[in-house]
Amino acid sequence: MFKSTTVITQTALTLALVLGSTAASAANFMTSNYRAYELSMDCYNPNIQHTGSKSPLNVTFVTNSGKTYKGRKLMQPAGTCSRDQKIVYRGPQIALPNNDKLIKITVQAAGGDALWAQVAHVVQYDKGAPNTGFTTPYMGRWESGHGRGYCLSTDRTDDRAWKSYVASSSCSPMVTFKVNGPAQTH
């Protein structure tokens, strides 16, 4: 009888420790320090239609140490973007402290359905100690100018209806936004 009580007590203690550490992990997650990057692209133009895309983008945030973080879609209109509507992708939460610096963002088309965006913005969200709120350093803004924008598609000829609104000579399967540098289509 004494032996089975000891086993039950040890099992209960082990279970309590596991559950306690899981609860502590969940609590730490809610109050830990972290960083996240977010890309938003303005896709509204009153003169053109179908500026959104049904095809998701492959967005990658790259740091100076070579670490890469995949962005997940928060918002991407499938049809024509309306006024103030944006395409938004956010990277995962990165534990702080972290001395890495964001150096570039690559945006790659994943399908033949073209997407048009005139301006791209990137911000960095840093959450400090519990209850201290967020800081949002502005990492960059890229605009091709003169009402023209970036056309992203795996099919370079997808810009036929937008020809006068595309900054480069055709759609591109990829664009790289360099922090403190220019945007480059590939």
# chains A, B, ... in the order shown; residues from 1 in each chain; ligands from 1

$ residues_around --residues "Gly91 in chain A" --least-positions-apart "6" --cutoff "12 Å" --atoms "only C-alpha atoms" --output "list in words"
Tyr34, Arg35, Ala36, Tyr37, Glu38, Leu39, Ser40, Asn58, Val59, Thr60, Phe61, Val62, Thr68, Tyr69, Lys70, Gly71, Arg72, Lys73, Leu74, Leu102, Ile105, Val122, Val123, Gln124 and Tyr125 of chain A

$ closest_residue --among "A:Ile103, A:Leu96, A:Leu152, A:Ala109" --to "Asp126 in chain A" --atoms "only C-alpha atoms"
A:Leu96

$ residues_around --residues "Ser170 in chain A" --least-positions-apart "4" --cutoff "7 Å" --atoms "only C-alpha atoms" --output "PDB file with C-alpha atoms, in the first residue's frame"
ATOM      1  CA  ARG A 156       6.079  38.880 -67.145  1.00  0.00           C
ATOM      2  CA  THR A 157       3.380  39.776 -69.701  1.00  0.00           C
ATOM      3  CA  ASP A 159       0.886  43.904 -67.153  1.00  0.00           C
ATOM      4  CA  VAL A 166       4.230  49.743 -64.229  1.00  0.00           C
TER       5      VAL A 166
END

$ atom_distance --atom1 "CA of Ser55 in chain A" --atom2 "CA of Arg141 in chain A"
23.7 Å

$ atom_distance --atom1 "CA of Cys43 in chain A" --atom2 "CA of Val179 in chain A"
20.7 Å

$ closest_residue --among "A:Gly79, A:Gly181, A:Pro137, A:Gly66" --to "Gln49 in chain A" --atoms "only C-alpha atoms"
A:Gly79

$ residues_around --residues "Thr80 in chain A" --least-positions-apart "5" --cutoff "7 Å" --atoms "only C-alpha atoms" --output "PyMOL selection string"
chain A and resi 49-52

$ write_last_selection --atoms "C-alpha atoms" --output "compact mmCIF listing (two decimals), in the first residue's frame"
# COMPACT_ATOMS: atom_id res chain seq x y z
CA GLN A 49 -8.58 47.25 -61.90
CA HIS A 50 -7.57 43.86 -60.49
CA THR A 51 -4.64 45.25 -58.49
CA GLY A 52 -4.97 42.53 -55.85

$ atom_distance --atom1 "CA of Arg90 in chain A" --atom2 "CA of Thr106 in chain A"
12.7 Å

$ residues_around --residues "Gly145 in chain A" --least-positions-apart "5" --cutoff "9 Å" --atoms "only C-alpha atoms" --output "list in words"
Gln118, Val119 and Ala167 of chain A

$ write_last_selection --atoms "N, CA and C atoms" --output "CSV table (one decimal), in the first residue's frame"
chain,number,residue,atom,x,y,z
A,118,GLN,N,1.8,50.4,-55.5
A,118,GLN,CA,2.6,51.6,-55.8
A,118,GLN,C,3.6,52.0,-54.8
A,119,VAL,N,3.3,51.7,-53.5
A,119,VAL,CA,4.2,52.1,-52.4
A,119,VAL,C,4.3,50.9,-51.5
A,167,ALA,N,6.4,50.5,-63.3
A,167,ALA,CA,7.6,51.2,-63.3
A,167,ALA,C,8.7,50.6,-64.2

$ closest_residue --among "A:Ala117, A:Cys81, A:Val107, A:Ala95" --to "Thr185 in chain A" --atoms "only C-alpha atoms"
A:Val107

$ select_by_dssp --residues "range 40-175 of chain A" --states "strand (DSSP E or B)" --output "PyMOL selection string"
chain A and resi 40-42+57-63+68-70+72-75+86-90+94-95+102-109+115-117+119-127+134-135+138-143+149-152+166+172+174-175

$ select_by_dssp --residues "range 18-186 of chain A" --states "helix (DSSP H, G or I)" --output "count of residues only"
20

$ closest_residue --among "A:Asn99, A:Asn45, A:Gln108, A:Ser53" --to "Met75 in chain A" --atoms "only C-alpha atoms"
A:Ser53

$ residues_around --residues "Trp142 in chain A" --least-positions-apart "4" --cutoff "8 Å" --atoms "only C-alpha atoms" --output "PyMOL selection string"
chain A and resi 119-121+177+182-183
